[in-house]
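Peer 1: What follows is a structure written as C-alpha cells; I'll ask about it next.
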Amino acid sequence: MPITRRAFAFAALGGTLLPALPTFAKAPFTGTQAAGVYRHKVGAFEVTVLSDGWLALDPKIFTGDPEGAAKLLDSAFLPTNAVATSVNEWLVNTGDRLVLVDTGTSNVYAPTLGRMATNLTAAGVDPSAIDAVILTHMHPDHVAGLLTTDKKVAFPNATVHVNDVDYKFWTSTEIAAKAPDEAKPFFDIARGAIKPYADASKVMMLKDGDEVLPGFTALLAPGHTVGHTMLRLSSKGSDLLIWGDIVHNAALQFPEPDRALAFDTDLPMAVTTRKRVFDMVVADKVMIAGAHLPFPGLGHVAKASAGYAYIPTPWGADL
Ligand SMILES: [Zn+2]
C-alpha cells in the first residue's frame, strides 16, 4: 500500500526513542564487496544476475574520435584510460528447471574475474543442479566457465544450447588458423570449453526465432560475433530481453551507438544491430539485461536528444 501523508505521520508517532548505543572506536575493515547476486522476477520466473567480476577496458578499443570518447567518459565521472567493465551472467529458475545463461570466465582472464562459481554458491545453487546452459555467444567471458578452474565439466547435468553459426565459427580449426595471432586464444578457449559437452552429446544447436526452452526465445543479433544471440524471456505477460553484448560501455555506446568494439567480428554489422535493438526496446519498453552493463545491468533504453539513454532499474529489496 502506498504511504500517504497521514499514515506516515501515524507511523512516525508510533516510534519510541532508543537509548544511546555504546560507540565503537575501532572495527576491522571488511575489504571485500558483498556477493554479486541480484534477483528479479519476470512473471513466474526468478532471474538471478550473477557477477563474474570486472575487467578494465581501455576506451581505445572503441572506434570513433578519442576526444569525444574522453568527454563522454569524463561527464559520466569515469576514468578516461581504463573503464571498469562488469561481466554478468543470469540464472533463471523457471519453477521446473534451472537455466544458466552464459558462464563467465573461469580462470582464463584477469584475477578480477572468475567469480561466477563463487557467486552461484552464494546464491545457494549447486552447479550440478543446472539443467541447461544457454550461450549468447562463444567469446571467452561467456563460454570459459563451462569448465572449472581445473578444467573439469562445471555443469555435469546440463545440456548446452548455442547458436549453430557461432558454434561452427568458434570451433573451426580452419577459421582459427587464418585468424590473427591475438584472436587465436579466443578459438582455443571456446573449443576447449565446449568439447567435453560435445563429446558427451550434450550440445544442442539453436537458431534465430527458436523457443530454446519454454519461455526462452532466441533472437539473432549478429555483428559482435557471427551468431551472437539475445534471449527474450517471457512468463505470465512479463518479458526480459537478455541482450548479451549489445553494449560494452554504457557511457559511450548509448549516446553514440556508432562506436564499435575492436573485438566485434563484423564492426559495421555490430553497429547496425545495436541501433536496431535499441529501437526495438525503446518501442517495446521491454526491460533489458546486459552482460557488460554495470552490475546488475538491468534497465530500460530511452531515446535521448542525441542518441539513446540507459535508465538502470532501481534496486528492488523484495521480489
Ligand atoms: Zn562479452
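Scheme for the C-alpha cells: letters A, B, ... for chains in order shown; per-chain residue numbers from 1; ligand numbers from 1 in order shown.
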Extract, using only C-alpha atoms, all DNA, RNA and protein residues at most 8 Å from Leu231 (chain A), discarding same-chain residues fewer than 6 positions from it, and format them as a list in words.

Peer 2: Thr136, Phe216, Thr217, Ala218, Leu219, Leu241, Ile242 and Trp243 of chain A

Peer 1: Which residues, written as number ranges by chain, have at least one atom at most 9 Å from region 161-177 of chain A, with only C-alpha atoms counted and residues fewer than 2 positions away on the same chain left out?

Peer 2: A: 132-139, 159, 179-181, 183-188, 190-192, 194-195, 202-208, 212, 218, 220, 225-229

Peer 1: Which residues, written as a list of chain:residue names, have at least one atom at most 12 Å from Ala309 (chain A), with only C-alpha atoms counted and residues fewer than 3 positions away on the same chain left out?

Peer 2: A:Val247, A:Ala250, A:Ala251, A:Leu252, A:Gln253, A:Phe254, A:Pro255, A:Glu256, A:Pro257, A:Phe278, A:Asp279, A:Val281, A:Val282, A:Gly299, A:His300, A:Val301, A:Ala302, A:Lys303, A:Ala304, A:Ser305, A:Ala306, A:Pro312

Peer 1: Convert the current residue selection to file output with N, CA and C atoms, as a short mmCIF file (atom, residue, chain, number, x, y, z; two decimals), in the first residue's frame.

Peer 2:
```cif
data_model
loop_
_atom_site.label_atom_id
_atom_site.label_comp_id
_atom_site.auth_asym_id
_atom_site.auth_seq_id
_atom_site.Cartn_x
_atom_site.Cartn_y
_atom_site.Cartn_z
N VAL A 247 25.95 -3.91 -25.76
CA VAL A 247 26.69 -2.73 -25.28
C VAL A 247 27.85 -3.20 -24.40
N ALA A 250 28.43 1.57 -21.39
CA ALA A 250 27.18 2.33 -21.38
C ALA A 250 27.41 3.81 -21.63
N ALA A 251 28.49 4.37 -21.06
CA ALA A 251 28.73 5.82 -21.19
C ALA A 251 29.03 6.21 -22.63
N LEU A 252 29.61 5.29 -23.40
CA LEU A 252 29.97 5.61 -24.79
C LEU A 252 28.89 5.21 -25.79
N GLN A 253 28.37 3.99 -25.63
CA GLN A 253 27.60 3.41 -26.74
C GLN A 253 26.11 3.71 -26.71
N PHE A 254 25.57 4.17 -25.57
CA PHE A 254 24.16 4.63 -25.61
C PHE A 254 24.08 5.98 -26.32
N PRO A 255 24.88 6.97 -25.91
CA PRO A 255 24.77 8.25 -26.64
C PRO A 255 25.30 8.15 -28.07
N GLU A 256 26.32 7.28 -28.29
CA GLU A 256 26.92 7.18 -29.63
C GLU A 256 27.03 5.71 -30.04
N PRO A 257 25.89 5.14 -30.49
CA PRO A 257 25.88 3.70 -30.81
C PRO A 257 26.76 3.32 -32.00
N PHE A 278 18.27 -1.23 -30.07
CA PHE A 278 17.88 -0.04 -29.29
C PHE A 278 16.46 0.40 -29.69
N ASP A 279 16.24 0.52 -31.01
CA ASP A 279 14.92 0.98 -31.48
C ASP A 279 13.82 0.00 -31.08
N VAL A 281 13.78 -2.02 -28.37
CA VAL A 281 13.47 -1.99 -26.93
C VAL A 281 12.88 -0.64 -26.51
N VAL A 282 13.20 0.42 -27.26
CA VAL A 282 12.57 1.71 -26.99
C VAL A 282 11.07 1.60 -27.31
N GLY A 299 17.80 -2.70 -16.89
CA GLY A 299 17.28 -1.35 -17.08
C GLY A 299 16.46 -1.23 -18.35
N HIS A 300 16.23 0.01 -18.73
CA HIS A 300 15.48 0.31 -19.95
C HIS A 300 16.28 1.26 -20.82
N VAL A 301 15.87 1.35 -22.07
CA VAL A 301 16.53 2.26 -23.00
C VAL A 301 15.49 3.28 -23.46
N ALA A 302 15.92 4.54 -23.50
CA ALA A 302 15.04 5.61 -23.99
C ALA A 302 15.77 6.37 -25.10
N LYS A 303 15.00 7.03 -25.94
CA LYS A 303 15.57 7.90 -26.96
C LYS A 303 16.03 9.17 -26.24
N ALA A 304 17.20 9.68 -26.57
CA ALA A 304 17.69 10.92 -25.97
C ALA A 304 17.80 11.98 -27.07
N SER A 305 18.06 13.23 -26.68
CA SER A 305 18.16 14.29 -27.70
C SER A 305 19.26 13.94 -28.70
N ALA A 306 20.34 13.32 -28.21
CA ALA A 306 21.35 12.77 -29.12
C ALA A 306 21.55 11.31 -28.76
N PRO A 312 18.96 2.66 -15.57
CA PRO A 312 19.06 1.44 -14.75
C PRO A 312 17.83 1.28 -13.86
#
```

Peer 1: If you run DSSP on the backbone, which residues of region 29-120 of chain A are strand (DSSP E), as a ChimeraX atom specification?

Peer 2: /A:37-42,45-57,83-93,98-101

Peer 1: A:Ala110, A:Leu55, A:Met269, A:Ala154: which is nearest ligand 1, counting only C-alpha atoms and all ligand atoms?

Peer 2: A:Leu55

Peer 1: May I have the residues within 8 Å of ligand 1, computed using only C-alpha atoms and all ligand atoms, as a PyMOL selection string?

Peer 2: chain A and resi 87+139-142+244-245+248+291-292

Peer 1: Of the candidates A:Ile189, A:Val99, A:Ala27, A:Ala44, which one gets nearest to Ser234 (chain A) if we count only C-alpha atoms?

Peer 2: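 Smallest separation from Ser234 (chain A) among the options: A:Ala44.
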
Peer 1: Please determine, counting only C-alpha atoms, which residue among A:Asp199, A:Asp258, A:Asp264, A:Asp52 has the shortest atom-to-atom distance to Pro222 (chain A).

Peer 2: A:Asp264

Peer 1: For CA of Val160 (chain A) and CA of Pro268 (chain A), quote the distance in Å rounded to one decimal.

Peer 2: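 Spanning CA of Val160 (chain A) to CA of Pro268 (chain A) is a straight-line distance of 29.3 Å.
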
Peer 1: Just list as number ranges by chain whatever in region 50-174 of chain A DSSP marks as alpha helix (DSSP H).

Peer 2: A: 66-75, 116-122, 140-143, 164-170, 173-174

Peer 1: Just write the chosen residues, N, CA and C atoms, as a PDB file, in the first residue's frame.

Peer 2:
```
ATOM      1  N   PRO A  66      38.752   9.835 -30.240  1.00  0.00           N
ATOM      2  CA  PRO A  66      39.130   9.661 -28.834  1.00  0.00           C
ATOM      3  C   PRO A  66      38.758  10.859 -27.959  1.00  0.00           C
ATOM      4  N   GLU A  67      38.786  12.076 -28.548  1.00  0.00           N
ATOM      5  CA  GLU A  67      38.458  13.273 -27.744  1.00  0.00           C
ATOM      6  C   GLU A  67      36.992  13.219 -27.309  1.00  0.00           C
ATOM      7  N   GLY A  68      36.129  12.840 -28.249  1.00  0.00           N
ATOM      8  CA  GLY A  68      34.697  12.726 -27.942  1.00  0.00           C
ATOM      9  C   GLY A  68      34.451  11.650 -26.898  1.00  0.00           C
ATOM     10  N   ALA A  69      35.201  10.545 -27.000  1.00  0.00           N
ATOM     11  CA  ALA A  69      35.058   9.451 -26.032  1.00  0.00           C
ATOM     12  C   ALA A  69      35.478   9.930 -24.646  1.00  0.00           C
ATOM     13  N   ALA A  70      36.603  10.651 -24.589  1.00  0.00           N
ATOM     14  CA  ALA A  70      37.099  11.159 -23.297  1.00  0.00           C
ATOM     15  C   ALA A  70      36.070  12.080 -22.659  1.00  0.00           C
ATOM     16  N   LYS A  71      35.422  12.896 -23.487  1.00  0.00           N
ATOM     17  CA  LYS A  71      34.395  13.825 -22.979  1.00  0.00           C
ATOM     18  C   LYS A  71      33.209  13.066 -22.379  1.00  0.00           C
ATOM     19  N   LEU A  72      32.761  12.042 -23.107  1.00  0.00           N
ATOM     20  CA  LEU A  72      31.622  11.241 -22.625  1.00  0.00           C
ATOM     21  C   LEU A  72      31.961  10.532 -21.313  1.00  0.00           C
ATOM     22  N   LEU A  73      33.166   9.972 -21.235  1.00  0.00           N
ATOM     23  CA  LEU A  73      33.567   9.255 -20.013  1.00  0.00           C
ATOM     24  C   LEU A  73      33.704  10.227 -18.849  1.00  0.00           C
ATOM     25  N   ASP A  74      34.310  11.373 -19.135  1.00  0.00           N
ATOM     26  CA  ASP A  74      34.520  12.381 -18.097  1.00  0.00           C
ATOM     27  C   ASP A  74      33.170  12.875 -17.560  1.00  0.00           C
ATOM     28  N   SER A  75      32.213  13.079 -18.451  1.00  0.00           N
ATOM     29  CA  SER A  75      30.910  13.576 -17.978  1.00  0.00           C
ATOM     30  C   SER A  75      30.119  12.476 -17.256  1.00  0.00           C
ATOM     31  N   MET A 116      32.053 -16.137 -10.918  1.00  0.00           N
ATOM     32  CA  MET A 116      30.687 -16.637 -11.127  1.00  0.00           C
ATOM     33  C   MET A 116      30.392 -17.839 -10.238  1.00  0.00           C
ATOM     34  N   ALA A 117      31.335 -18.798 -10.171  1.00  0.00           N
ATOM     35  CA  ALA A 117      31.105 -20.025  -9.403  1.00  0.00           C
ATOM     36  C   ALA A 117      30.884 -19.692  -7.924  1.00  0.00           C
ATOM     37  N   THR A 118      31.695 -18.775  -7.401  1.00  0.00           N
ATOM     38  CA  THR A 118      31.553 -18.363  -6.000  1.00  0.00           C
ATOM     39  C   THR A 118      30.197 -17.700  -5.785  1.00  0.00           C
ATOM     40  N   ASN A 119      29.786 -16.871  -6.732  1.00  0.00           N
ATOM     41  CA  ASN A 119      28.501 -16.178  -6.589  1.00  0.00           C
ATOM     42  C   ASN A 119      27.310 -17.130  -6.775  1.00  0.00           C
ATOM     43  N   LEU A 120      27.505 -18.158  -7.592  1.00  0.00           N
ATOM     44  CA  LEU A 120      26.457 -19.183  -7.734  1.00  0.00           C
ATOM     45  C   LEU A 120      26.268 -19.897  -6.389  1.00  0.00           C
ATOM     46  N   THR A 121      27.367 -20.199  -5.726  1.00  0.00           N
ATOM     47  CA  THR A 121      27.295 -20.805  -4.389  1.00  0.00           C
ATOM     48  C   THR A 121      26.625 -19.848  -3.410  1.00  0.00           C
ATOM     49  N   ALA A 122      26.992 -18.560  -3.499  1.00  0.00           N
ATOM     50  CA  ALA A 122      26.379 -17.555  -2.612  1.00  0.00           C
ATOM     51  C   ALA A 122      24.868 -17.472  -2.863  1.00  0.00           C
ATOM     52  N   PRO A 140      35.370 -15.842 -24.779  1.00  0.00           N
ATOM     53  CA  PRO A 140      35.864 -16.437 -23.525  1.00  0.00           C
ATOM     54  C   PRO A 140      35.091 -16.015 -22.280  1.00  0.00           C
ATOM     55  N   ASP A 141      34.632 -14.745 -22.218  1.00  0.00           N
ATOM     56  CA  ASP A 141      33.961 -14.281 -20.997  1.00  0.00           C
ATOM     57  C   ASP A 141      32.535 -14.822 -20.877  1.00  0.00           C
ATOM     58  N   HIS A 142      32.083 -15.588 -21.863  1.00  0.00           N
ATOM     59  CA  HIS A 142      30.740 -16.173 -21.819  1.00  0.00           C
ATOM     60  C   HIS A 142      30.779 -17.705 -21.787  1.00  0.00           C
ATOM     61  N   VAL A 143      31.875 -18.265 -22.329  1.00  0.00           N
ATOM     62  CA  VAL A 143      31.934 -19.721 -22.519  1.00  0.00           C
ATOM     63  C   VAL A 143      32.918 -20.422 -21.586  1.00  0.00           C
ATOM     64  N   ASP A 164      23.993 -22.213 -33.893  1.00  0.00           N
ATOM     65  CA  ASP A 164      24.755 -23.126 -34.757  1.00  0.00           C
ATOM     66  C   ASP A 164      25.883 -22.429 -35.515  1.00  0.00           C
ATOM     67  N   VAL A 165      25.634 -21.205 -35.993  1.00  0.00           N
ATOM     68  CA  VAL A 165      26.657 -20.492 -36.767  1.00  0.00           C
ATOM     69  C   VAL A 165      27.830 -20.098 -35.859  1.00  0.00           C
ATOM     70  N   ASP A 166      27.507 -19.646 -34.646  1.00  0.00           N
ATOM     71  CA  ASP A 166      28.563 -19.287 -33.697  1.00  0.00           C
ATOM     72  C   ASP A 166      29.400 -20.519 -33.335  1.00  0.00           C
ATOM     73  N   TYR A 167      28.732 -21.636 -33.132  1.00  0.00           N
ATOM     74  CA  TYR A 167      29.432 -22.877 -32.772  1.00  0.00           C
ATOM     75  C   TYR A 167      30.388 -23.290 -33.882  1.00  0.00           C
ATOM     76  N   LYS A 168      29.882 -23.266 -35.129  1.00  0.00           N
ATOM     77  CA  LYS A 168      30.720 -23.689 -36.267  1.00  0.00           C
ATOM     78  C   LYS A 168      31.933 -22.767 -36.399  1.00  0.00           C
ATOM     79  N   PHE A 169      31.712 -21.455 -36.189  1.00  0.00           N
ATOM     80  CA  PHE A 169      32.780 -20.475 -36.342  1.00  0.00           C
ATOM     81  C   PHE A 169      33.878 -20.691 -35.290  1.00  0.00           C
ATOM     82  N   TRP A 170      33.499 -20.736 -34.027  1.00  0.00           N
ATOM     83  CA  TRP A 170      34.492 -20.738 -32.938  1.00  0.00           C
ATOM     84  C   TRP A 170      35.122 -22.097 -32.702  1.00  0.00           C
ATOM     85  N   THR A 173      38.809 -25.269 -36.790  1.00  0.00           N
ATOM     86  CA  THR A 173      40.284 -25.158 -36.786  1.00  0.00           C
ATOM     87  C   THR A 173      40.751 -24.391 -38.025  1.00  0.00           C
ATOM     88  N   GLU A 174      39.982 -24.468 -39.128  1.00  0.00           N
ATOM     89  CA  GLU A 174      40.383 -23.750 -40.354  1.00  0.00           C
ATOM     90  C   GLU A 174      40.272 -22.239 -40.143  1.00  0.00           C
TER      91      GLU A 174
END
```

Peer 1: For Asn93 (chain A), which residue out of A:Met287, A:Gly43, A:Asn81, A:Ser51 is the nearest one, using only C-alpha atoms?

Peer 2: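 Closest candidate: A:Gly43.
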
Peer 1: Report, in Å to a single decimal, how far apart CA of Thr149 (chain A) and CA of Gln33 (chain A) are.

Peer 2: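 About the pair CA of Gln33 (chain A) and CA of Thr149 (chain A): they are 22.0 Å apart.
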
Peer 1: Contacts of Lys41 (chain A) at 12 Å or less, counting only C-alpha atoms, minus same-chain residues fewer than 6 places along, as JSON, numbers by chain?

Peer 2: {"A": [47, 48, 49, 91, 92, 93, 94, 95, 233, 234, 235, 236, 237, 238, 239, 240, 287, 298, 316, 317, 318, 319]}

Peer 1: Near Thr63 (chain A), within 7 Å and counting only C-alpha atoms, which residues show up once chain neighbours fewer than 4 positions away are dropped, as a VMD selection string?

Peer 2: chain A and resid 259 to 261

Peer 1: Write the residues of the selection above to a file with all heavy atoms, as an mmCIF file, in the first residue's frame.

Peer 2:
```cif
data_model
loop_
_atom_site.group_PDB
_atom_site.id
_atom_site.type_symbol
_atom_site.label_atom_id
_atom_site.label_comp_id
_atom_site.auth_asym_id
_atom_site.auth_seq_id
_atom_site.Cartn_x
_atom_site.Cartn_y
_atom_site.Cartn_z
ATOM 1 N N ARG A 259 29.840 3.724 -32.083
ATOM 2 C CA ARG A 259 31.159 3.301 -31.590
ATOM 3 C C ARG A 259 31.196 1.780 -31.477
ATOM 4 O O ARG A 259 30.548 1.193 -30.620
ATOM 5 C CB ARG A 259 31.462 3.942 -30.237
ATOM 6 C CG ARG A 259 31.715 5.435 -30.350
ATOM 7 C CD ARG A 259 32.149 6.032 -29.034
ATOM 8 N NE ARG A 259 32.270 7.477 -29.136
ATOM 9 C CZ ARG A 259 33.394 8.114 -29.486
ATOM 10 N NH1 ARG A 259 34.489 7.420 -29.762
ATOM 11 N NH2 ARG A 259 33.419 9.426 -29.556
ATOM 12 N N ALA A 260 31.991 1.160 -32.359
ATOM 13 C CA ALA A 260 32.125 -0.297 -32.360
ATOM 14 C C ALA A 260 33.293 -0.691 -31.461
ATOM 15 O O ALA A 260 34.042 0.151 -30.976
ATOM 16 C CB ALA A 260 32.333 -0.806 -33.775
ATOM 17 N N LEU A 261 33.416 -1.995 -31.254
ATOM 18 C CA LEU A 261 34.448 -2.533 -30.380
ATOM 19 C C LEU A 261 35.429 -3.335 -31.230
ATOM 20 O O LEU A 261 35.028 -4.044 -32.145
ATOM 21 C CB LEU A 261 33.762 -3.451 -29.351
ATOM 22 C CG LEU A 261 34.632 -4.164 -28.333
ATOM 23 C CD1 LEU A 261 35.092 -3.189 -27.258
ATOM 24 C CD2 LEU A 261 33.862 -5.306 -27.686
#
```
